[in-house]
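Structure data follow from target-v3.cif (mmCIF, C-alpha atoms):
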data_input
#
loop_
_atom_site.label_atom_id
_atom_site.label_comp_id
_atom_site.auth_asym_id
_atom_site.auth_seq_id
_atom_site.Cartn_x
_atom_site.Cartn_y
_atom_site.Cartn_z
CA MET A 14 106.01 104.61 108.11
CA ALA A 15 102.46 105.87 107.75
CA LYS A 16 101.62 109.10 109.51
CA ARG A 17 100.36 108.96 113.06
CA LYS A 18 96.77 109.85 112.13
CA VAL A 19 96.53 106.95 109.69
CA LEU A 20 98.05 104.50 112.16
CA ARG A 21 95.71 105.69 114.88
CA ARG A 22 92.73 105.25 112.58
CA ALA A 23 93.92 101.79 111.49
CA LYS A 24 94.21 100.71 115.12
CA LYS A 25 90.69 101.97 115.79
CA ILE A 26 89.30 100.03 112.80
CA LEU A 27 91.03 96.77 113.74
CA GLY A 28 90.94 97.10 117.50
CA GLU A 29 94.67 96.34 117.52
CA GLU A 30 97.91 97.35 115.83
CA PRO A 31 98.12 96.23 112.18
CA THR A 32 101.00 93.95 111.27
CA LEU A 33 100.86 95.27 107.69
CA LEU A 34 99.58 98.54 106.30
CA VAL A 35 99.89 99.94 102.78
CA TRP A 36 97.91 102.14 100.40
CA CYS A 37 96.96 100.37 97.17
CA GLY A 38 94.44 100.35 94.32
CA ILE A 39 93.32 98.57 91.18
CA ARG A 40 95.88 98.99 88.42
CA GLY A 41 94.37 99.80 85.05
CA GLY A 42 90.76 100.08 86.18
CA ILE A 43 87.87 97.67 86.59
CA PRO A 44 87.03 95.61 83.48
CA ARG A 45 83.48 96.08 82.22
CA PRO A 46 81.22 93.29 83.47
CA PRO A 47 78.29 91.82 81.50
CA LYS A 48 75.24 94.08 81.65
CA GLU A 49 73.11 91.48 83.42
CA THR A 50 75.78 90.93 86.09
CA HIS A 51 76.25 94.66 86.63
CA ARG A 52 72.49 95.18 86.89
CA ALA A 53 72.08 92.33 89.38
CA ALA A 54 74.80 93.89 91.58
CA GLY A 55 72.94 97.21 91.69
CA LYS A 56 74.66 98.95 88.75
CA GLY A 57 77.32 100.46 90.98
CA ARG A 58 80.06 102.82 89.88
CA LEU A 59 82.88 101.16 87.91
CA LYS A 60 85.16 104.19 87.71
CA PRO A 61 86.55 106.55 90.35
CA GLY A 62 84.98 109.96 90.83
CA ARG A 63 86.59 113.01 89.35
CA HIS A 64 87.74 116.00 91.34
CA TRP A 65 86.37 119.41 90.27
CA ALA A 66 89.88 120.39 89.12
CA PHE A 67 89.68 117.68 86.45
CA TYR A 68 86.61 119.27 84.88
CA LEU A 69 88.18 122.71 85.07
CA GLY A 70 91.24 121.36 83.28
CA ALA A 71 89.03 119.78 80.61
CA VAL A 72 87.31 123.11 79.95
CA LEU A 73 90.62 124.95 79.72
CA PHE A 74 91.94 122.30 77.35
CA CYS A 75 88.95 122.68 75.02
CA VAL A 76 89.17 126.47 75.04
CA PHE A 77 92.91 127.02 74.72
CA VAL A 78 94.65 123.82 73.60
CA LEU A 79 92.19 122.06 71.31
CA PRO A 80 91.97 124.87 68.71
CA TYR A 81 95.78 124.89 68.43
CA LEU A 82 95.86 121.12 67.95
CA LEU A 83 93.21 121.29 65.24
CA MET A 84 95.15 123.96 63.37
CA ASP A 85 98.33 121.92 63.65
CA PHE A 86 96.50 118.84 62.39
CA LEU A 87 95.21 120.66 59.32
CA SER A 88 98.66 122.04 58.64
CA GLN A 89 100.23 118.58 58.75
CA LYS A 90 97.58 117.16 56.48
CA LEU A 91 98.20 119.84 53.89
CA ASN A 92 101.92 119.06 53.98
CA GLY A 93 101.39 115.35 53.57
CA ASN A 94 102.94 114.44 56.89
CA LEU A 95 100.06 112.26 57.93
CA ASP A 96 100.48 109.99 54.91
CA ARG A 97 104.15 109.40 55.72
CA ASP A 98 103.33 108.64 59.35
CA ALA A 99 100.67 106.14 58.29
CA ARG A 100 103.15 104.26 56.06
CA ARG A 101 105.71 104.16 58.85
CA ASP A 102 103.14 102.86 61.35
CA ALA A 103 102.08 100.17 58.89
CA ARG A 104 105.62 98.78 58.94
CA SER A 105 105.71 98.67 62.74
CA PRO A 106 104.45 95.49 64.43
CA GLU A 107 101.29 95.93 66.42
CA ARG A 108 101.82 95.44 70.13
CA THR A 109 99.02 94.14 72.30
CA ARG A 110 98.87 93.28 75.94
CA ALA A 111 99.19 89.68 77.02
CA GLY A 112 95.92 87.83 77.15
CA ALA A 113 95.61 87.42 80.91
CA PRO A 114 92.00 87.11 82.11
CA HIS A 115 90.48 90.57 82.21
CA ASN A 116 93.90 92.18 81.75
CA GLY A 117 95.22 90.52 84.88
CA VAL A 118 92.98 92.48 87.26
CA PHE A 119 91.14 89.40 88.55
CA ASP A 120 90.35 85.80 87.63
CA GLY A 121 87.43 86.74 85.36
CA ASP A 122 84.48 85.16 87.20
CA TRP A 123 82.13 87.92 88.33
CA ASP A 124 80.09 85.55 90.51
CA LEU A 125 82.97 84.68 92.84
CA THR A 126 84.43 86.69 95.73
CA ALA A 127 86.93 88.80 93.76
CA GLY A 128 84.39 89.67 91.06
CA GLN A 129 81.72 90.62 93.58
CA LEU A 130 84.25 92.79 95.42
CA LEU A 131 85.09 94.60 92.17
CA LEU A 132 81.41 95.19 91.34
CA ARG A 133 81.05 97.14 94.59
CA TRP A 134 84.55 98.63 94.70
CA TYR A 135 83.58 102.27 94.12
CA ASP A 136 80.26 102.10 95.95
CA ALA A 137 82.21 102.46 99.19
CA SER A 138 84.31 105.38 97.99
CA PRO A 139 84.79 107.34 94.73
CA ASN A 140 88.52 107.50 95.43
CA ARG A 141 90.98 105.06 93.81
CA ALA A 142 93.04 104.45 96.96
CA ARG A 143 92.34 101.68 99.46
CA LEU A 144 94.14 101.12 102.73
CA PHE A 145 95.19 97.48 103.05
CA LEU A 146 95.35 96.40 106.68
CA ALA A 147 96.24 93.04 108.13
CA THR A 148 96.69 91.30 111.44
CA ARG A 149 97.59 87.67 112.03
CA ASP A 150 93.94 86.61 111.76
CA ARG A 151 92.31 89.26 109.53
CA VAL A 152 92.69 91.13 106.26
CA CYS A 153 90.81 94.40 105.83
CA LEU A 154 90.36 96.98 103.07
CA ALA A 155 89.43 100.48 104.17
CA ALA A 156 88.58 103.63 102.19
CA SER A 157 87.94 107.31 102.68
CA PRO A 158 84.48 108.60 101.68
CA ARG A 159 86.09 111.70 100.19
CA ARG A 160 86.66 112.18 96.48
CA ARG A 161 90.10 113.68 97.09
CA LEU A 162 92.49 111.95 99.45
CA PHE A 163 95.78 112.83 101.11
CA PRO A 164 97.09 109.40 102.20
CA HIS A 165 99.33 110.75 104.96
CA ARG A 166 96.47 112.68 106.56
CA ALA A 167 93.57 110.30 105.89
CA ASP A 168 92.11 109.84 109.35
CA ASP A 169 88.54 109.22 108.18
CA VAL A 170 89.00 105.86 106.43
CA ARG A 171 86.42 103.21 107.22
CA PRO A 172 86.37 99.45 106.61
CA VAL A 173 84.72 98.35 103.35
CA ALA A 174 85.69 94.66 103.22
CA GLU A 175 87.09 92.23 105.75
CA PHE A 176 88.16 88.58 105.57
CA ARG A 177 89.49 86.06 108.02
CA SER A 178 93.04 84.89 107.38
CA ASP A 179 91.73 81.45 106.45
CA GLU A 180 89.51 83.03 103.77
CA VAL A 181 92.23 84.84 101.84
CA LEU A 182 95.87 84.26 101.00
CA VAL A 183 98.20 87.19 100.23
CA GLU A 184 100.68 86.48 97.45
CA ALA A 185 103.52 88.93 96.89
CA GLU A 186 107.14 88.80 95.80
CA ALA A 187 109.90 90.85 97.35
CA GLY A 188 112.18 92.99 95.20
CA GLN A 189 109.54 94.36 92.84
CA PRO A 190 110.37 97.77 91.33
CA ARG A 191 108.81 100.83 92.89
CA GLY A 192 105.80 102.09 90.97
CA PHE A 193 105.12 98.71 89.33
CA ALA A 194 104.78 96.44 92.34
CA GLU A 195 101.64 94.33 92.69
CA PHE A 196 100.25 91.72 95.03
CA ARG A 197 97.35 89.29 94.81
CA LEU A 198 94.56 88.28 97.14
CA HIS A 199 93.59 84.63 96.62
CA PHE A 200 90.20 83.62 98.01
CA THR A 201 89.02 80.18 99.04
CA ASP A 202 86.55 79.92 96.13
CA GLY A 203 89.48 80.05 93.68
CA SER A 204 89.06 83.69 92.68
CA TRP A 205 91.86 86.25 92.93
CA LEU A 206 92.31 90.02 92.77
CA SER A 207 95.48 91.88 91.78
CA LEU A 208 96.24 95.16 93.53
CA GLY A 209 98.94 97.70 92.71
CA ASN A 210 99.49 101.48 92.82
CA LEU A 211 101.26 101.02 96.12
CA ALA A 212 102.25 104.14 98.01
CA ASP A 213 105.82 105.25 97.46
CA SER A 214 106.84 104.90 101.09
CA ASP A 215 108.58 102.65 103.56
CA ASP A 216 105.26 100.92 104.13
CA ALA A 217 105.38 99.42 100.63
CA ASP A 218 108.90 98.13 101.24
CA ARG A 219 107.91 96.61 104.57
CA PHE A 220 104.88 95.02 102.94
CA PHE A 221 106.89 93.15 100.33
CA ALA A 222 109.63 92.26 102.78
CA HIS A 223 107.17 90.43 105.04
CA PRO A 224 108.34 86.79 105.35
CA GLY A 225 104.82 85.41 105.00
CA HIS A 226 104.66 86.68 101.42
CA ARG A 227 107.78 84.84 100.35
CA GLN A 228 106.22 81.64 101.62
CA GLY A 229 103.04 82.33 99.68
CA ALA A 230 100.80 82.71 102.71
CA PHE A 231 99.95 85.55 105.03
CA GLY A 232 100.93 85.35 108.66
CA ALA A 233 103.18 82.30 108.26
#
Could you render the structure as structure tokens?
Amino acid sequence: MAKRKVLRRAKKILGEEPTLLVWCGIRGGIPRPPKETHRAAGKGRLKPGRHWAFYLGAVLFCVFVLPYLLMDFLSQKLNGNLDRDARRDARSPERTRAGAPHNGVFDGDWDLTAGQLLLRWYDASPNRARLFLATRDRVCLAASPRRRLFPHRADDVRPVAEFRSDEVLVEAEAGQPRGFAEFRLHFTDGSWLSLGNLADSDDADRFFAHPGHRQGAFGA
């Protein structure tokens, strides 16, 4: 179960106990929208913010690791290893991802509900994680304003999107493997959004075991 602080915050947001609660996020990142569409939506952030430790790591990489890699690269080239690798790669079949619309993140129409939600996804928070909350008559996404988040201690999350249960259908299948599980939000205008990166906790298991998901509708 989620920690007490998170549950207490969720209850405060909803005004009641959530029937479902799980941390989630967009798997693989937000596809790049057309420039005109992005501009019309306010040119919001399309990528999560970086923590300062990321930039420190990048500097250390450039100073200590990159020179070694360059020297190793030159050494391999002199020995002819790169030519052999290129011939071997040429014999290997090229593997590409299946052609789902926008890599399966959403339905592909930026003007509908899912697309508009994506365009403003990181305006609410630079963090990847979103807290999915649901009752029998509402579905809510909440986020922490902080760049760095500890899900079990996140007591400052705030609602960033909310829908009535008749405006969105939650589609999920039980038995999905940990770390790869996904679920979809289907909206009444025909758009849909796929969410993954579920927290590795009992909350994820409870989420997918909910009987409403097996029937293809939330709260059934």
Run the PyMOL selection byres ((chain A and resi 130) around 12) against the file shown and list the residues it catches, as a count of residues only. 33
Pick from A:Lys16, A:Lys60, A:Arg177, A:Arg22, whichever lies nearest to A:Ser157 using only C-alpha atoms: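 Going through A:Lys16, A:Lys60, A:Arg177, A:Arg22 one by one, the smallest distance to A:Ser157 is for A:Arg22.
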Would you list the contacts of A:Ala187 as a PDB file with C-alpha atoms, in the coordinates of the input, taking every protein, DNA or RNA residue within 7 Å and counting all atoms listed in the file, but skipping same-chain residues closer than 2 positions in sequence?
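Contents of the output file part-v2.pdb:
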ATOM      1  CA  ALA A 185     103.520  88.930  96.890  1.00  0.00           C
ATOM      2  CA  GLN A 189     109.540  94.360  92.840  1.00  0.00           C
ATOM      3  CA  PHE A 221     106.890  93.150 100.330  1.00  0.00           C
ATOM      4  CA  ALA A 222     109.630  92.260 102.780  1.00  0.00           C
TER       5      ALA A 222
END
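The two atoms in question, atom CA of A:Leu211 and atom CA of A:Leu33, are spaced 12.9 Å apart.
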What's the 8 Å shell around A:Ala142, counting only C-alpha atoms, without same-chain residues fewer than 4 positions away, as a PDB file with C-alpha atoms, in the coordinates of the input?
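Writing the result to around-v5.pdb gives the following:
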ATOM      1  CA  TRP A  36      97.910 102.140 100.400  1.00  0.00           C
ATOM      2  CA  CYS A  37      96.960 100.370  97.170  1.00  0.00           C
ATOM      3  CA  GLY A  38      94.440 100.350  94.320  1.00  0.00           C
ATOM      4  CA  ALA A 156      88.580 103.630 102.190  1.00  0.00           C
ATOM      5  CA  LEU A 162      92.490 111.950  99.450  1.00  0.00           C
TER       6      LEU A 162
END
Quote the spacing between atom CA of A:Gly117 and atom CA of A:Pro172 in Å to one decimal place.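 For atom CA of A:Gly117 relative to atom CA of A:Pro172, the distance reads 25.1 Å.
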Calculated over only C-alpha atoms, which of the candidates A:Val170, A:Arg141, A:Gly41, A:Gly209 has the smallest distance to A:Ala155?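 Nearest to A:Ala155: A:Val170.
The residue that comes closest to A:Ala147, out of A:Leu34, A:Ala53, A:Val19, A:Ala194 and on the basis of all atoms listed in the file, is A:Leu34.
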Atom-to-atom span, atom CA of A:Arg143 and atom CA of A:Phe220, Å: 14.6 Å
Pick out the closest residue to A:Glu180 from this set: A:Phe193, A:Gly28, A:Pro158, A:Asp150. Count only C-alpha atoms. A:Asp150
